[in-house]
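Undergrad: The following file, target-v3.cif, comprises mmCIF, C-alpha atoms:
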```cif
data_start
loop_
_atom_site.label_atom_id
_atom_site.label_comp_id
_atom_site.auth_asym_id
_atom_site.auth_seq_id
_atom_site.Cartn_x
_atom_site.Cartn_y
_atom_site.Cartn_z
CA MET A 1 0.00 0.00 0.00
CA THR A 2 1.15 3.51 -0.74
CA PHE A 3 0.01 6.30 1.55
CA GLY A 4 0.29 10.08 1.59
CA VAL A 5 -1.53 13.21 2.75
CA LEU A 6 -2.11 15.98 0.24
CA TYR A 7 -1.68 19.59 1.35
CA GLU A 8 -5.10 20.40 -0.07
CA SER A 9 -8.23 18.58 -1.18
CA ARG A 10 -8.23 16.66 -4.45
CA ALA A 11 -10.32 19.46 -6.01
CA HIS A 12 -7.81 22.19 -5.08
CA PRO A 13 -5.57 23.53 -7.88
CA ARG A 14 -2.46 22.66 -5.81
CA SER A 15 -3.39 18.95 -6.07
CA GLN A 16 -4.16 19.01 -9.79
CA GLY A 17 -0.74 17.86 -11.01
CA PHE A 18 -1.01 14.77 -8.83
CA ILE A 19 -4.63 14.07 -9.78
CA ASP A 20 -3.81 14.45 -13.48
CA ARG A 21 -1.12 11.74 -13.25
CA ILE A 22 -3.28 9.10 -11.55
CA PRO A 23 -4.78 7.50 -14.70
CA ALA A 24 -1.37 7.22 -16.41
CA ALA A 25 0.29 5.81 -13.28
CA LEU A 26 -2.45 3.21 -12.80
CA ALA A 27 -2.25 2.22 -16.47
CA GLN A 28 1.54 1.97 -16.17
CA ALA A 29 1.17 -0.31 -13.14
CA GLU A 30 -1.31 -2.56 -14.92
CA ARG A 31 1.07 -2.96 -17.90
CA SER A 32 4.07 -3.64 -15.68
CA GLU A 33 5.74 -7.00 -15.34
CA GLY A 34 4.77 -8.68 -12.09
CA PHE A 35 1.54 -6.72 -11.56
CA ILE A 36 -1.31 -8.93 -10.34
CA ALA A 37 -4.20 -6.68 -9.30
CA ARG A 38 -5.19 -3.47 -7.53
CA SER A 39 -8.11 -2.10 -5.62
CA TYR A 40 -10.33 0.22 -7.58
CA LEU A 41 -13.28 2.49 -6.94
CA ASP A 42 -16.48 1.06 -8.42
CA SER A 43 -18.15 3.95 -10.24
CA ASP A 44 -21.59 2.33 -9.87
CA THR A 45 -21.51 1.70 -6.13
CA GLY A 46 -18.93 4.26 -4.98
CA LEU A 47 -17.23 1.49 -2.99
CA HIS A 48 -13.64 0.32 -3.13
CA SER A 49 -13.18 -3.23 -4.34
CA TRP A 50 -10.91 -4.22 -1.44
CA GLY A 51 -12.93 -2.85 1.42
CA GLU A 52 -13.70 0.35 3.22
CA LEU A 53 -11.00 3.02 3.32
CA VAL A 54 -9.54 3.27 6.81
CA CYS A 55 -7.10 5.90 8.04
CA PRO A 56 -4.30 5.07 10.46
CA ARG A 57 -4.74 6.05 14.08
CA PHE A 58 -1.57 8.17 13.97
CA LEU A 59 -3.15 10.55 11.44
CA PRO A 60 -5.22 13.45 12.85
CA GLU A 61 -8.85 13.18 11.77
CA GLU A 62 -8.87 16.59 10.08
CA LEU A 63 -6.33 15.23 7.55
CA HIS A 64 -8.39 12.14 6.60
CA PRO A 65 -10.09 13.83 3.59
CA ASN A 66 -6.69 14.59 2.06
CA VAL A 67 -5.35 11.03 2.16
CA ALA A 68 -4.24 9.45 -1.11
CA ARG A 69 -3.51 5.72 -1.16
CA THR A 70 -3.26 2.72 -3.43
CA LEU A 71 -3.37 -0.97 -2.67
CA SER A 72 -1.98 -3.48 -5.15
CA LEU A 73 -0.59 -7.00 -5.47
CA TRP A 74 2.72 -7.81 -7.15
CA ARG A 75 4.63 -11.03 -7.85
CA SER A 76 7.94 -9.80 -6.40
CA LEU A 77 9.66 -6.97 -4.58
CA GLU A 78 11.74 -6.27 -7.66
CA ALA A 79 8.64 -5.96 -9.87
CA VAL A 80 6.92 -3.40 -7.64
CA CYS A 81 10.20 -1.52 -7.15
CA ALA A 82 10.79 -1.43 -10.92
CA PHE A 83 7.36 0.13 -11.38
CA SER A 84 7.69 2.53 -8.45
CA TYR A 85 10.95 4.09 -9.56
CA ALA A 86 10.30 4.42 -13.30
CA GLY A 87 8.03 6.25 -15.72
CA VAL A 88 5.08 8.36 -14.62
CA HIS A 89 5.22 7.05 -11.06
CA ARG A 90 8.87 8.08 -10.68
CA GLU A 91 8.06 11.51 -12.11
CA ALA A 92 5.25 11.93 -9.59
CA MET A 93 7.56 10.87 -6.77
CA THR A 94 10.08 13.57 -7.73
CA LEU A 95 7.27 16.15 -7.56
CA ARG A 96 5.54 14.84 -4.42
CA ASP A 97 6.76 17.68 -2.20
CA GLU A 98 4.58 20.02 -4.29
CA TRP A 99 1.45 18.04 -3.42
CA PHE A 100 2.06 16.05 -0.23
CA ARG A 101 2.72 17.04 3.36
CA LYS A 102 6.05 16.23 4.96
CA ARG A 103 6.31 12.49 5.51
CA GLU A 104 6.46 11.86 9.24
CA PHE A 105 5.24 8.30 8.74
CA PRO A 106 5.89 5.51 6.25
CA THR A 107 4.73 6.28 2.70
CA HIS A 108 4.39 2.61 1.80
CA VAL A 109 4.13 -0.76 3.46
CA ILE A 110 4.90 -4.14 1.94
CA TRP A 111 4.04 -7.65 3.14
CA TRP A 112 3.64 -11.08 1.63
CA VAL A 113 0.21 -12.64 1.15
CA ALA A 114 -0.94 -16.14 0.21
CA ASP A 115 -1.83 -16.65 -3.44
CA ASP A 116 -5.54 -16.83 -2.63
CA HIS A 117 -5.60 -13.80 -0.28
CA VAL A 118 -6.81 -10.36 -1.32
CA PRO A 119 -5.76 -7.71 1.21
CA THR A 120 -8.17 -5.07 2.46
CA PHE A 121 -7.59 -1.43 3.27
CA SER A 122 -8.25 -2.26 6.91
CA GLU A 123 -5.47 -4.86 6.86
CA SER A 124 -3.08 -2.59 4.98
CA THR A 125 -3.72 0.30 7.37
CA ALA A 126 -2.99 -1.95 10.37
CA ARG A 127 0.29 -2.96 8.72
CA LEU A 128 1.18 0.68 8.02
CA GLU A 129 0.51 1.48 11.70
CA GLN A 130 2.71 -1.45 12.72
CA LEU A 131 5.54 -0.32 10.44
CA HIS A 132 5.24 3.19 11.84
CA ALA A 133 5.27 2.00 15.47
CA LYS A 134 7.78 -0.87 15.36
CA GLY A 135 9.81 -0.43 12.19
CA PRO A 136 10.29 -3.03 9.46
CA ARG A 137 9.43 -6.62 10.40
CA PRO A 138 8.54 -9.66 8.30
CA ASP A 139 4.83 -8.80 8.31
CA ALA A 140 5.20 -5.05 7.53
CA PHE A 141 8.29 -3.68 5.82
CA ASN A 142 9.66 -1.32 3.17
CA PHE A 143 12.15 -1.48 0.29
CA ARG A 144 15.11 -0.46 2.46
CA ARG A 145 14.57 -3.21 5.03
CA ALA A 146 12.80 -6.00 3.23
CA PHE A 147 12.00 -9.61 4.09
CA ASP A 148 11.47 -12.64 1.90
CA SER A 149 8.26 -14.67 1.98
CA ALA A 150 9.75 -16.94 4.69
CA GLY A 151 10.33 -13.91 6.96
CA ASN A 152 14.09 -13.69 6.49
CA PRO A 153 15.82 -10.35 5.90
CA THR A 154 16.57 -9.87 2.22
CA VAL A 155 17.99 -7.30 -0.16
CA LEU A 156 16.34 -6.39 -3.43
CA ASP A 157 18.14 -7.66 -6.50
CA HIS A 158 18.92 -4.27 -8.06
CA LEU A 159 20.12 -5.77 -11.35
CA LEU A 160 16.84 -7.68 -11.71
CA THR A 161 14.90 -4.53 -10.78
CA LYS A 162 16.68 -2.59 -13.56
CA GLN A 163 16.03 -5.40 -16.04
CA ILE A 164 12.34 -5.44 -15.21
CA ALA A 165 12.17 -1.63 -15.49
CA ALA A 166 13.84 -1.82 -18.91
CA ARG A 167 11.37 -4.49 -20.09
CA ASN A 168 8.48 -2.38 -18.78
CA ALA A 169 9.79 0.67 -20.65
CA SER A 170 10.22 -1.26 -23.90
CA SER A 171 6.68 -2.64 -23.76
CA ARG A 172 4.94 0.76 -23.58
#
```
Would you mind writing the file out in structure tokens?
TA:
Amino acid sequence: MTFGVLYESRAHPRSQGFIDRIPAALAQAERSEGFIARSYLDSDTGLHSWGELVCPRFLPEELHPNVARTLSLWRSLEAVCAFSYAGVHREAMTLRDEWFRKREFPTHVIWWVADDHVPTFSESTARLEQLHAKGPRPDAFNFRRAFDSAGNPTVLDHLLTKQIAARNASSR
């Protein structure tokens, strides 16, 4: 899950550059190697496909309307990293200080799930809270301090990440 708090509402001109990039970033994710699925907002029901949006307890309630988050499933750490640090998503990350408040909490949380498990926003928020409170552990971690699916500390394969990013770029 990615997580951030915009300075202003989504409708405010200050947020427009971020809002404008969302469709392209989501499309880039869906075309990326290793992408499995993501939560989406159902335009008919107004509900998110992976459960009700929940804000972490560490975030003041007045900031809840300005939260931006995504929840997605990937086949590997290298695949999600290759997407995150390339293309439209990388561009948005370089500009995030224009749109998002200072990050005093984790901006993403990663964990392994069983093949038949679809995470919910409630689950992902609990893991973000855990990462914020206790730091990286096998059940809630980040790219800098990652764990493999068996719970052992691991390091991303940067060469593989670059190769995946190159394949993603060539398939656009």
Undergrad: For the structure shown, which residues end up in the PyMOL selection byres ((chain A and resi 142) around 9)? Put them as an NGL selection string, please?
TA: :A and (106 or 108-111 or 131 or 136-137 or 140-141 or 143-147)
Undergrad: Please evaluate the PyMOL selection byres ((chain A and resi 38) around 9) against the displayed coordinates and give the resulting residues as a PyMOL selection string.
TA: chain A and resi 26+30+35-37+39-40+49-50+70-73
Undergrad: With only C-alpha atoms as the basis for distance, which of A:Asp116, A:Ala27, A:Leu41, A:Glu61 is at the shortest distance from Gly87 (chain A)?
TA: A:Ala27
Undergrad: For the structure provided, state which residues fall under the PyMOL selection byres ((chain A and resi 18) around 9), and present them as JSON, numbers by chain.
TA: {"A": [10, 14, 15, 16, 17, 19, 20, 21, 22, 92, 95, 96, 98, 99]}
Undergrad: Residues around (-5.3, 3.8, 13.8), cut-off 12 Å, counting all atoms listed in the file - what are they as a list in words?
TA: Leu53, Val54, Cys55, Pro56, Arg57, Phe58, Leu59, Pro60, Glu61, His64, Phe121, Ser122, Glu123, Ser124, Thr125, Ala126, Arg127, Leu128, Glu129, Gln130, His132 and Ala133 of chain A
Undergrad: Counting only C-alpha atoms, figure out which residue out of A:Glu8, A:Glu91, A:Glu104, A:Asp157 gets nearest to Pro65 (chain A).
TA: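 Nearest candidate to Pro65 (chain A) out of A:Glu8, A:Glu91, A:Glu104, A:Asp157: A:Glu8.
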Undergrad: When you draw a straight line from CA of Ala79 (chain A) to CA of Ile164 (chain A), how long is it in Å?
TA: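 These two atoms are separated by 6.5 Å.
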Undergrad: What is the CA of Arg172 (chain A) to CA of Met93 (chain A) distance in Å?
TA: 19.8 Å
Undergrad: Skipping near chain neighbours, those fewer than 5 positions away, what residues fall within 9 Å of Val80 (chain A) using all atoms listed in the file, listed as a list in words?
TA: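 So the residues in contact are Ala29, Ser32, Glu33, Gly34, Phe35, Leu73, Trp74, Arg75, Tyr85 and Thr161 of chain A.
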Undergrad: Find the distance between CA of Leu6 (chain A) and CA of His48 (chain A) and write it in Å to one decimal.
TA: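 Going from CA of Leu6 (chain A) over to CA of His48 (chain A), I get 19.7 Å.
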Undergrad: Any chance you could model N, CA and C atoms for region 30-44 of chain A and send them as a compact mmCIF listing (two decimals), in the frame of the given file?
TA:
```txt
# COMPACT_ATOMS: atom_id res chain seq x y z
N GLU A 30 -0.61 -1.41 -14.36
CA GLU A 30 -1.31 -2.56 -14.92
C GLU A 30 -0.58 -3.19 -16.10
N ARG A 31 0.26 -2.42 -16.79
CA ARG A 31 1.07 -2.96 -17.90
C ARG A 31 2.41 -3.51 -17.43
N SER A 32 2.74 -3.29 -16.18
CA SER A 32 4.07 -3.64 -15.68
C SER A 32 4.22 -5.12 -15.40
N GLU A 33 5.41 -5.61 -15.65
CA GLU A 33 5.74 -7.00 -15.34
C GLU A 33 5.57 -7.23 -13.85
N GLY A 34 4.93 -8.32 -13.49
CA GLY A 34 4.77 -8.68 -12.09
C GLY A 34 3.51 -8.14 -11.44
N PHE A 35 2.79 -7.25 -12.12
CA PHE A 35 1.54 -6.72 -11.56
C PHE A 35 0.49 -7.82 -11.56
N ILE A 36 -0.24 -7.94 -10.44
CA ILE A 36 -1.31 -8.93 -10.34
C ILE A 36 -2.67 -8.24 -10.35
N ALA A 37 -2.90 -7.34 -9.41
CA ALA A 37 -4.20 -6.68 -9.30
C ALA A 37 -4.08 -5.46 -8.39
N ARG A 38 -5.13 -4.63 -8.41
CA ARG A 38 -5.19 -3.47 -7.53
C ARG A 38 -6.62 -3.23 -7.13
N SER A 39 -6.78 -2.53 -6.03
CA SER A 39 -8.11 -2.10 -5.62
C SER A 39 -8.54 -0.96 -6.53
N TYR A 40 -9.80 -0.87 -6.76
CA TYR A 40 -10.33 0.22 -7.58
C TYR A 40 -11.65 0.70 -7.00
N LEU A 41 -12.02 1.90 -7.36
CA LEU A 41 -13.28 2.49 -6.94
C LEU A 41 -14.34 2.11 -7.96
N ASP A 42 -15.39 1.46 -7.53
CA ASP A 42 -16.48 1.06 -8.42
C ASP A 42 -17.35 2.29 -8.67
N SER A 43 -17.41 2.72 -9.92
CA SER A 43 -18.15 3.95 -10.24
C SER A 43 -19.65 3.78 -10.03
N ASP A 44 -20.16 2.56 -10.08
CA ASP A 44 -21.59 2.33 -9.87
C ASP A 44 -21.98 2.39 -8.40
```
